[in-house]
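This is final.tsv. It holds TSV, C-alpha atoms.
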chain	number	residue	atom	x	y	z
A	1	MET	CA	77.24	26.36	99.63
A	2	ALA	CA	77.53	26.20	103.40
A	3	TYR	CA	75.12	23.28	103.71
A	4	LEU	CA	77.19	21.21	101.26
A	5	ILE	CA	80.28	21.71	103.42
A	6	GLU	CA	78.24	20.92	106.54
A	7	TRP	CA	76.91	17.73	104.89
A	8	GLN	CA	80.47	16.62	104.05
A	9	ILE	CA	81.66	17.21	107.61
A	10	LYS	CA	78.73	15.31	109.13
A	11	ALA	CA	79.27	12.43	106.71
A	12	ALA	CA	82.96	12.31	107.66
A	13	ILE	CA	82.08	12.14	111.36
A	14	ILE	CA	79.69	9.22	110.77
A	15	VAL	CA	82.34	7.38	108.72
A	16	ALA	CA	84.86	7.89	111.50
A	17	LEU	CA	82.48	6.64	114.19
A	18	MET	CA	81.49	3.52	112.23
A	19	VAL	CA	85.12	2.69	111.42
A	20	ILE	CA	86.21	3.16	115.04
A	21	ILE	CA	83.34	0.98	116.32
A	22	TYR	CA	84.30	-1.72	113.83
A	23	ALA	CA	88.00	-1.58	114.76
A	24	LEU	CA	87.33	-1.70	118.50
A	25	PHE	CA	84.49	-4.21	118.76
A	26	LEU	CA	83.58	-6.03	115.52
A	27	SER	CA	86.93	-6.83	113.92
A	28	LYS	CA	87.97	-9.14	116.77
A	29	ASP	CA	85.55	-11.99	115.98
A	30	ALA	CA	85.00	-14.32	113.01
A	31	MET	CA	81.52	-13.13	111.99
A	32	PHE	CA	82.83	-11.95	108.65
A	33	THR	CA	79.47	-11.72	106.87
A	34	ARG	CA	78.07	-9.48	109.60
A	35	ASN	CA	81.23	-7.39	109.47
A	36	ARG	CA	80.84	-7.05	105.72
A	37	ILE	CA	77.30	-5.73	106.18
A	38	TRP	CA	78.53	-3.22	108.76
A	39	LEU	CA	81.33	-1.99	106.50
A	40	LEU	CA	78.95	-1.65	103.55
A	41	SER	CA	76.57	0.30	105.79
A	42	ALA	CA	79.44	2.67	106.51
A	43	LEU	CA	79.43	3.51	102.79
A	44	PHE	CA	75.75	4.49	102.77
A	45	MET	CA	74.77	5.72	106.22
A	46	PRO	CA	76.99	8.85	106.16
A	47	TRP	CA	74.95	10.20	103.24
A	48	ILE	CA	71.52	9.14	104.50
A	49	VAL	CA	71.62	10.16	108.16
A	50	PRO	CA	72.47	13.85	107.59
A	51	VAL	CA	69.50	14.14	105.22
A	52	LEU	CA	67.09	12.48	107.66
A	53	ALA	CA	68.39	14.68	110.48
A	54	MET	CA	68.49	17.83	108.39
A	55	PRO	CA	68.92	20.87	110.65
A	56	ALA	CA	66.51	23.77	110.56
A	57	SER	CA	69.15	26.03	108.98
A	58	ILE	CA	69.36	23.82	105.90
A	59	ARG	CA	65.60	23.35	105.72
A	60	SER	CA	65.21	27.12	105.71
A	61	ILE	CA	67.71	27.41	102.86
A	62	LEU	CA	66.08	24.71	100.76
A	63	PHE	CA	62.40	25.19	101.48
A	64	ALA	CA	61.80	28.63	103.00
A	65	GLU	CA	59.95	31.24	100.97
A	66	ARG	CA	62.20	34.01	99.69
A	67	THR	CA	61.09	37.57	100.45
A	68	ALA	CA	62.65	40.70	99.04
A	69	VAL	CA	63.89	43.30	101.50
A	70	GLU	CA	64.47	46.89	100.46
A	71	LEU	CA	67.60	48.54	101.82
A	72	SER	CA	65.59	51.68	102.46
A	73	ASP	CA	63.50	49.76	104.99
A	74	MET	CA	66.48	48.67	106.99
A	75	SER	CA	67.71	50.85	109.81
A	76	ILE	CA	71.36	49.92	109.32
A	77	PRO	CA	73.95	52.69	108.93
A	78	PHE	CA	75.68	52.81	105.56
A	79	THR	CA	79.09	52.07	107.06
A	80	ASP	CA	77.74	48.94	108.78
A	81	GLN	CA	76.14	47.79	105.54
A	82	THR	CA	79.46	48.11	103.77
A	83	SER	CA	81.25	46.16	106.51
A	84	VAL	CA	78.67	43.37	106.44
A	85	ALA	CA	78.79	43.18	102.64
A	86	THR	CA	82.59	42.96	102.66
A	87	GLN	CA	82.55	40.20	105.29
A	88	ASN	CA	79.94	38.20	103.39
A	89	THR	CA	81.93	38.53	100.18
A	90	TYR	CA	85.06	37.27	101.94
A	91	VAL	CA	83.21	34.23	103.33
A	92	TRP	CA	81.69	33.42	99.96
A	93	GLN	CA	85.07	33.65	98.24
A	94	TRP	CA	86.60	31.17	100.66
A	95	SER	CA	83.59	28.85	100.34
A	96	TYR	CA	83.84	28.82	96.56
A	97	LEU	CA	87.61	28.24	96.76
A	98	LEU	CA	87.19	25.24	99.09
A	99	VAL	CA	84.43	23.74	96.97
A	100	GLY	CA	86.46	24.33	93.81
A	101	VAL	CA	89.51	22.51	95.23
A	102	TYR	CA	87.27	19.70	96.49
A	103	LEU	CA	85.61	19.23	93.08
A	104	LEU	CA	88.95	19.35	91.27
A	105	VAL	CA	90.51	16.61	93.40
A	106	SER	CA	87.29	14.55	93.20
A	107	LEU	CA	87.48	14.83	89.41
A	108	VAL	CA	91.04	13.47	89.53
A	109	PHE	CA	89.76	10.45	91.48
A	110	VAL	CA	86.96	9.94	88.95
A	111	VAL	CA	89.49	9.95	86.11
A	112	ARG	CA	91.63	7.51	88.11
A	113	LEU	CA	88.69	5.13	88.49
A	114	VAL	CA	87.68	5.37	84.83
A	115	TRP	CA	91.28	4.77	83.77
A	116	GLY	CA	91.26	1.61	85.91
A	117	TYR	CA	88.25	0.33	83.97
A	118	ILE	CA	89.94	1.17	80.67
A	119	TYR	CA	93.08	-0.66	81.81
A	120	LEU	CA	91.01	-3.78	82.56
A	121	LEU	CA	89.44	-3.63	79.11
A	122	LYS	CA	92.91	-3.42	77.57
A	123	LEU	CA	94.02	-6.44	79.60
A	124	LYS	CA	91.03	-8.39	78.35
A	125	GLY	CA	91.76	-7.43	74.77
A	126	LYS	CA	95.33	-8.73	74.79
A	127	SER	CA	94.80	-11.82	76.98
A	128	LYS	CA	93.78	-15.37	76.19
A	129	LYS	CA	90.26	-16.05	77.44
A	130	LEU	CA	89.14	-19.34	78.99
A	131	LYS	CA	85.88	-20.41	80.60
A	132	VAL	CA	86.30	-22.04	84.01
A	133	LYS	CA	83.30	-22.98	86.18
A	134	GLY	CA	81.13	-20.31	84.59
A	135	LEU	CA	83.74	-17.57	85.10
A	136	ASN	CA	85.88	-15.78	82.54
A	137	LEU	CA	89.55	-16.55	83.05
A	138	TYR	CA	92.07	-14.27	81.33
A	139	LEU	CA	95.66	-15.43	80.98
A	140	LEU	CA	98.06	-12.48	81.11
A	141	GLU	CA	101.38	-12.32	79.32
A	142	ASP	CA	102.83	-9.97	81.95
A	143	ARG	CA	104.34	-12.31	84.53
A	144	GLU	CA	104.75	-9.53	87.11
A	145	ILE	CA	101.01	-8.99	87.64
A	146	ASN	CA	99.56	-10.76	90.66
A	147	PRO	CA	96.34	-12.75	90.20
A	148	PHE	CA	93.20	-10.71	90.82
A	149	SER	CA	89.50	-10.72	90.05
A	150	PHE	CA	86.96	-8.13	88.96
A	151	PHE	CA	83.27	-9.01	89.09
A	152	GLN	CA	82.97	-12.30	87.16
A	153	SER	CA	86.41	-12.17	85.56
A	154	VAL	CA	89.66	-13.62	86.91
A	155	PHE	CA	93.04	-12.34	85.70
A	156	VAL	CA	96.12	-14.51	86.20
A	157	PRO	CA	99.58	-14.53	84.57
A	158	GLN	CA	100.27	-17.62	82.49
A	159	LYS	CA	103.01	-18.69	84.93
A	160	VAL	CA	100.29	-19.43	87.51
A	161	MET	CA	98.91	-22.21	85.31
A	162	GLU	CA	102.30	-23.90	85.56
A	163	GLN	CA	102.45	-23.83	89.37
A	164	ALA	CA	101.49	-26.70	91.65
A	165	ASP	CA	99.16	-24.51	93.72
A	166	ARG	CA	97.29	-23.09	90.74
A	167	ASP	CA	93.98	-24.69	91.81
A	168	HIS	CA	94.22	-22.99	95.19
A	169	ILE	CA	94.93	-19.62	93.55
A	170	LEU	CA	92.08	-20.01	91.07
A	171	ASN	CA	89.65	-21.10	93.79
A	172	HIS	CA	90.67	-18.09	95.86
A	173	GLU	CA	89.91	-15.63	93.05
A	174	GLN	CA	86.74	-17.47	92.02
A	175	THR	CA	85.44	-17.13	95.58
A	176	HIS	CA	85.94	-13.38	95.34
A	177	CYS	CA	83.80	-13.47	92.19
A	178	ARG	CA	81.08	-15.64	93.70
A	179	GLN	CA	80.76	-13.31	96.70
A	180	TRP	CA	80.70	-10.23	94.46
A	181	HIS	CA	83.44	-8.45	96.35
A	182	SER	CA	84.07	-6.13	93.41
A	183	ILE	CA	80.80	-4.35	94.19
A	184	ASP	CA	82.11	-3.47	97.67
A	185	ILE	CA	85.41	-2.21	96.28
A	186	THR	CA	83.69	-0.14	93.60
A	187	LEU	CA	81.45	1.50	96.21
A	188	ALA	CA	84.50	2.13	98.40
A	189	GLU	CA	86.21	3.85	95.48
A	190	TRP	CA	83.21	6.14	95.07
A	191	MET	CA	83.39	6.89	98.78
A	192	LEU	CA	86.98	8.04	98.21
A	193	ILE	CA	85.79	10.25	95.36
A	194	LEU	CA	83.39	11.96	97.76
A	195	GLN	CA	85.58	11.84	100.89
A	196	TRP	CA	89.17	11.78	99.60
A	197	TRP	CA	90.20	14.21	102.34
A	198	ASN	CA	88.94	11.94	105.14
A	199	PRO	CA	91.59	9.47	106.44
A	200	PHE	CA	88.82	7.27	107.86
A	201	ALA	CA	87.43	6.79	104.34
A	202	TRP	CA	90.82	5.39	103.28
A	203	TRP	CA	90.88	3.19	106.36
A	204	LEU	CA	87.36	1.97	105.54
A	205	ARG	CA	88.47	0.98	102.05
A	206	LYS	CA	91.38	-0.99	103.54
A	207	LEU	CA	89.11	-2.72	106.08
A	208	ILE	CA	86.70	-3.77	103.34
A	209	ALA	CA	89.49	-5.38	101.32
A	210	GLN	CA	90.80	-7.08	104.47
A	211	ASN	CA	87.37	-8.44	105.32
A	212	HIS	CA	87.12	-9.89	101.80
A	213	GLU	CA	90.23	-11.96	102.40
A	214	PHE	CA	88.78	-13.25	105.67
A	215	CYS	CA	85.54	-14.20	103.92
A	216	VAL	CA	87.42	-16.05	101.16
A	217	ASP	CA	89.67	-17.88	103.64
A	218	LYS	CA	86.63	-19.00	105.61
A	219	ALA	CA	84.90	-20.20	102.44
Represent the structure contained in this file as structure tokens.
Amino acid sequence: MAYLIEWQIKAAIIVALMVIIYALFLSKDAMFTRNRIWLLSALFMPWIVPVLAMPASIRSILFAERTAVELSDMSIPFTDQTSVATQNTYVWQWSYLLVGVYLLVSLVFVVRLVWGYIYLLKLKGKSKKLKVKGLNLYLLEDREINPFSFFQSVFVPQKVMEQADRDHILNHEQTHCRQWHSIDITLAEWMLILQWWNPFAWWLRKLIAQNHEFCVDKA
């Protein structure tokens, strides 16, 4: 249990460092493709580096041979044994409580993500579908929804097709599709599922979306 908590903390530190480096040094130039690679790396490296640099304490937990120890062989007074057992029980209770809360909130974020996919399927089902430059264009009846894209599908309210700048709007969303920005966002959402308690994970998600807009504007 302890090594899972330690892994989470180390991952959070790596996310924070990569986000801070990006904000201080990389976000100030126009190398948006390089910046996108860096931000995507910030989604993977926090989970890879702690495993590669696994401390001896975790290696001993995972791979050490277990040996049974008889209490009769230990020269520990009974009162000390009771005190140690009580302390260990207290620590384990808190560990299980923290992990339980973490898993519960993570489950809420999973449900939130799945509900988003279901919502998109419902939009597709009640929208008029067109084929534009190899992409699926869905015309929405709800005029309050802003145009957006998801993978190779573009969703726009019908009022957009009546506007003078509709070609610019459609090209903008189609560029998102061509550059597969939905993959980045989906991975960022899974990062939030794993690190919802880390403010730098939320900042990372915002930076990824911001970088997408820069990439589209440049294109």
Nearest candidate to Leu187 of chain A (options A:Phe44, A:Phe151, A:Tyr117, A:Trp7; using all atoms listed in the file): A:Phe44
Nearest-residue call for Ala201 of chain A, choices A:Leu24, A:Ala42, A:Gln174, A:Arg166, using all atoms listed in the file: A:Ala42
Pairwise distance for atom CA of Ala219 of chain A and atom CA of Met31 of chain A, rounded to one decimal in Å: 12.4 Å
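Minimum atom-to-atom distances from A:Ser149, A:Leu192, A:Tyr96, A:Glu141 to Arg112 of chain A were compared using all atoms listed in the file, and the lowest value belongs to A:Leu192.
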Pick from A:Leu40, A:Leu130, A:Val114, A:Cys215, whichever lies nearest to Thr175 of chain A using only C-alpha atoms: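 The shortest atom-to-atom distance to Thr175 of chain A comes from A:Cys215.
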Close residues, Arg205 of chain A itself excluded, 8 Å, only C-alpha atoms, min 4 positions apart in chain, as a list in words: Ile185, Ala188, Glu189, Ala201 and Ala209 of chain A
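Relative to atom CA of Lys122 of chain A, atom CA of Phe109 of chain A is found at 19.9 Å.
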Non-local contacts of Ile193 of chain A (9 Å; only C-alpha atoms; under 5 positions in same chain excluded) as number ranges by chain: A: 105-110, 188
Counting all atoms listed in the file, the option among A:Leu120, A:Leu103, A:Ala30, A:Val216 closest to Arg178 of chain A: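 Counting all atoms listed in the file, the residue closest to Arg178 of chain A is A:Val216.
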Minimum-distance residue to Trp47 of chain A, chosen among A:Lys126, A:Ser153, A:Gln195, A:Ile118 (using all atoms listed in the file):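 Answer, going by the shortest atom-to-atom distance: A:Gln195.
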Atomic separation - atom CA of Asp142 of chain A relative to atom CA of Val160 of chain A, Å: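 Between atom CA of Val160 of chain A and atom CA of Asp142 of chain A the gap works out to 11.3 Å.
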Exercise: Cys177 of chain A partners within 12 Å, all atoms listed in the file, chain neighbours under 6 positions left out, as a PyMOL selection string: chain A and resi 133-137+148-155+170-171+183-184+212+215-216
Leu140 of chain A surroundings by all atoms listed in the file, 6 Å radius, close-in-sequence under 4 positions cut, as a PyMOL selection string: chain A and resi 127+156-158
Grab segment 99-114 of chain A from that structure and dump all heavy atoms to a file, as a compact mmCIF listing (two decimals), in the first residue's frame.
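So the final result, stored in part.txt, reads:
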# COMPACT_ATOMS: atom_id res chain seq x y z
N VAL A 99 -6.33 5.47 0.37
CA VAL A 99 -6.47 4.78 -0.92
C VAL A 99 -7.94 4.63 -1.29
O VAL A 99 -8.31 4.78 -2.46
CB VAL A 99 -5.78 3.41 -0.85
CG1 VAL A 99 -6.07 2.60 -2.12
CG2 VAL A 99 -4.27 3.58 -0.69
N GLY A 100 -8.79 4.38 -0.31
CA GLY A 100 -10.22 4.26 -0.58
C GLY A 100 -10.82 5.56 -1.12
O GLY A 100 -11.58 5.54 -2.09
N VAL A 101 -10.47 6.68 -0.49
CA VAL A 101 -10.95 7.99 -0.96
C VAL A 101 -10.41 8.27 -2.37
O VAL A 101 -11.15 8.74 -3.25
CB VAL A 101 -10.53 9.11 0.01
CG1 VAL A 101 -10.84 10.48 -0.58
CG2 VAL A 101 -11.23 8.93 1.35
N TYR A 102 -9.14 7.97 -2.58
CA TYR A 102 -8.52 8.19 -3.89
C TYR A 102 -9.25 7.39 -4.98
O TYR A 102 -9.58 7.93 -6.04
CB TYR A 102 -7.05 7.79 -3.83
CG TYR A 102 -6.39 7.67 -5.19
CD1 TYR A 102 -5.98 8.80 -5.89
CD2 TYR A 102 -6.19 6.43 -5.77
CE1 TYR A 102 -5.39 8.69 -7.13
CE2 TYR A 102 -5.61 6.31 -7.01
CZ TYR A 102 -5.20 7.44 -7.69
OH TYR A 102 -4.62 7.31 -8.92
N LEU A 103 -9.50 6.10 -4.72
CA LEU A 103 -10.17 5.26 -5.71
C LEU A 103 -11.60 5.71 -5.96
O LEU A 103 -12.08 5.67 -7.09
CB LEU A 103 -10.14 3.81 -5.25
CG LEU A 103 -8.77 3.14 -5.20
CD1 LEU A 103 -8.87 1.72 -4.66
CD2 LEU A 103 -8.11 3.12 -6.59
N LEU A 104 -12.27 6.17 -4.91
CA LEU A 104 -13.66 6.62 -5.05
C LEU A 104 -13.74 7.85 -5.96
O LEU A 104 -14.57 7.90 -6.88
CB LEU A 104 -14.25 6.93 -3.68
CG LEU A 104 -15.71 7.43 -3.67
CD1 LEU A 104 -16.62 6.37 -4.25
CD2 LEU A 104 -16.14 7.80 -2.25
N VAL A 105 -12.87 8.84 -5.71
CA VAL A 105 -12.89 10.04 -6.54
C VAL A 105 -12.45 9.71 -7.97
O VAL A 105 -13.01 10.23 -8.95
CB VAL A 105 -11.98 11.13 -5.94
CG1 VAL A 105 -11.96 12.36 -6.83
CG2 VAL A 105 -12.46 11.50 -4.54
N SER A 106 -11.46 8.83 -8.12
CA SER A 106 -11.03 8.41 -9.46
C SER A 106 -12.17 7.75 -10.21
O SER A 106 -12.34 7.96 -11.42
CB SER A 106 -9.84 7.45 -9.36
OG SER A 106 -8.70 8.10 -8.81
N LEU A 107 -12.97 6.96 -9.49
CA LEU A 107 -14.13 6.32 -10.12
C LEU A 107 -15.12 7.36 -10.62
O LEU A 107 -15.71 7.21 -11.70
CB LEU A 107 -14.80 5.37 -9.13
CG LEU A 107 -16.05 4.64 -9.63
CD1 LEU A 107 -15.72 3.77 -10.84
CD2 LEU A 107 -16.65 3.80 -8.50
N VAL A 108 -15.31 8.43 -9.85
CA VAL A 108 -16.20 9.51 -10.27
C VAL A 108 -15.70 10.12 -11.58
O VAL A 108 -16.48 10.41 -12.49
CB VAL A 108 -16.30 10.59 -9.17
CG1 VAL A 108 -17.06 11.81 -9.69
CG2 VAL A 108 -16.99 10.02 -7.94
N PHE A 109 -14.39 10.32 -11.70
CA PHE A 109 -13.83 10.88 -12.92
C PHE A 109 -13.96 9.90 -14.10
O PHE A 109 -14.13 10.33 -15.24
CB PHE A 109 -12.36 11.25 -12.70
CG PHE A 109 -12.16 12.59 -12.06
CD1 PHE A 109 -12.30 12.75 -10.70
CD2 PHE A 109 -11.86 13.71 -12.83
CE1 PHE A 109 -12.13 13.99 -10.10
CE2 PHE A 109 -11.70 14.95 -12.26
CZ PHE A 109 -11.84 15.10 -10.88
N VAL A 110 -13.87 8.61 -13.84
CA VAL A 110 -14.08 7.62 -14.89
C VAL A 110 -15.51 7.70 -15.40
O VAL A 110 -15.76 7.70 -16.62
CB VAL A 110 -13.75 6.20 -14.40
CG1 VAL A 110 -14.18 5.16 -15.43
CG2 VAL A 110 -12.26 6.06 -14.12
N VAL A 111 -16.46 7.77 -14.47
CA VAL A 111 -17.88 7.87 -14.85
C VAL A 111 -18.10 9.16 -15.64
O VAL A 111 -18.84 9.16 -16.64
CB VAL A 111 -18.77 7.84 -13.59
CG1 VAL A 111 -20.22 8.15 -13.95
CG2 VAL A 111 -18.65 6.48 -12.91
N ARG A 112 -17.46 10.23 -15.21
CA ARG A 112 -17.57 11.52 -15.92
C ARG A 112 -17.08 11.40 -17.36
O ARG A 112 -17.71 11.91 -18.30
CB ARG A 112 -16.78 12.58 -15.17
CG ARG A 112 -16.55 13.89 -15.89
CD ARG A 112 -15.79 14.85 -14.99
NE ARG A 112 -15.28 16.01 -15.70
CZ ARG A 112 -14.07 16.08 -16.24
NH1 ARG A 112 -13.24 15.04 -16.14
NH2 ARG A 112 -13.67 17.16 -16.87
N LEU A 113 -15.96 10.70 -17.56
CA LEU A 113 -15.41 10.54 -18.90
C LEU A 113 -16.31 9.66 -19.76
O LEU A 113 -16.58 9.98 -20.92
CB LEU A 113 -14.01 9.93 -18.80
CG LEU A 113 -13.25 9.75 -20.12
CD1 LEU A 113 -13.03 11.09 -20.81
CD2 LEU A 113 -11.92 9.05 -19.88
N VAL A 114 -16.79 8.56 -19.19
CA VAL A 114 -17.68 7.66 -19.94
C VAL A 114 -18.97 8.38 -20.31
O VAL A 114 -19.48 8.22 -21.42
CB VAL A 114 -17.97 6.39 -19.11
CG1 VAL A 114 -19.04 5.54 -19.78
CG2 VAL A 114 -16.69 5.58 -18.92
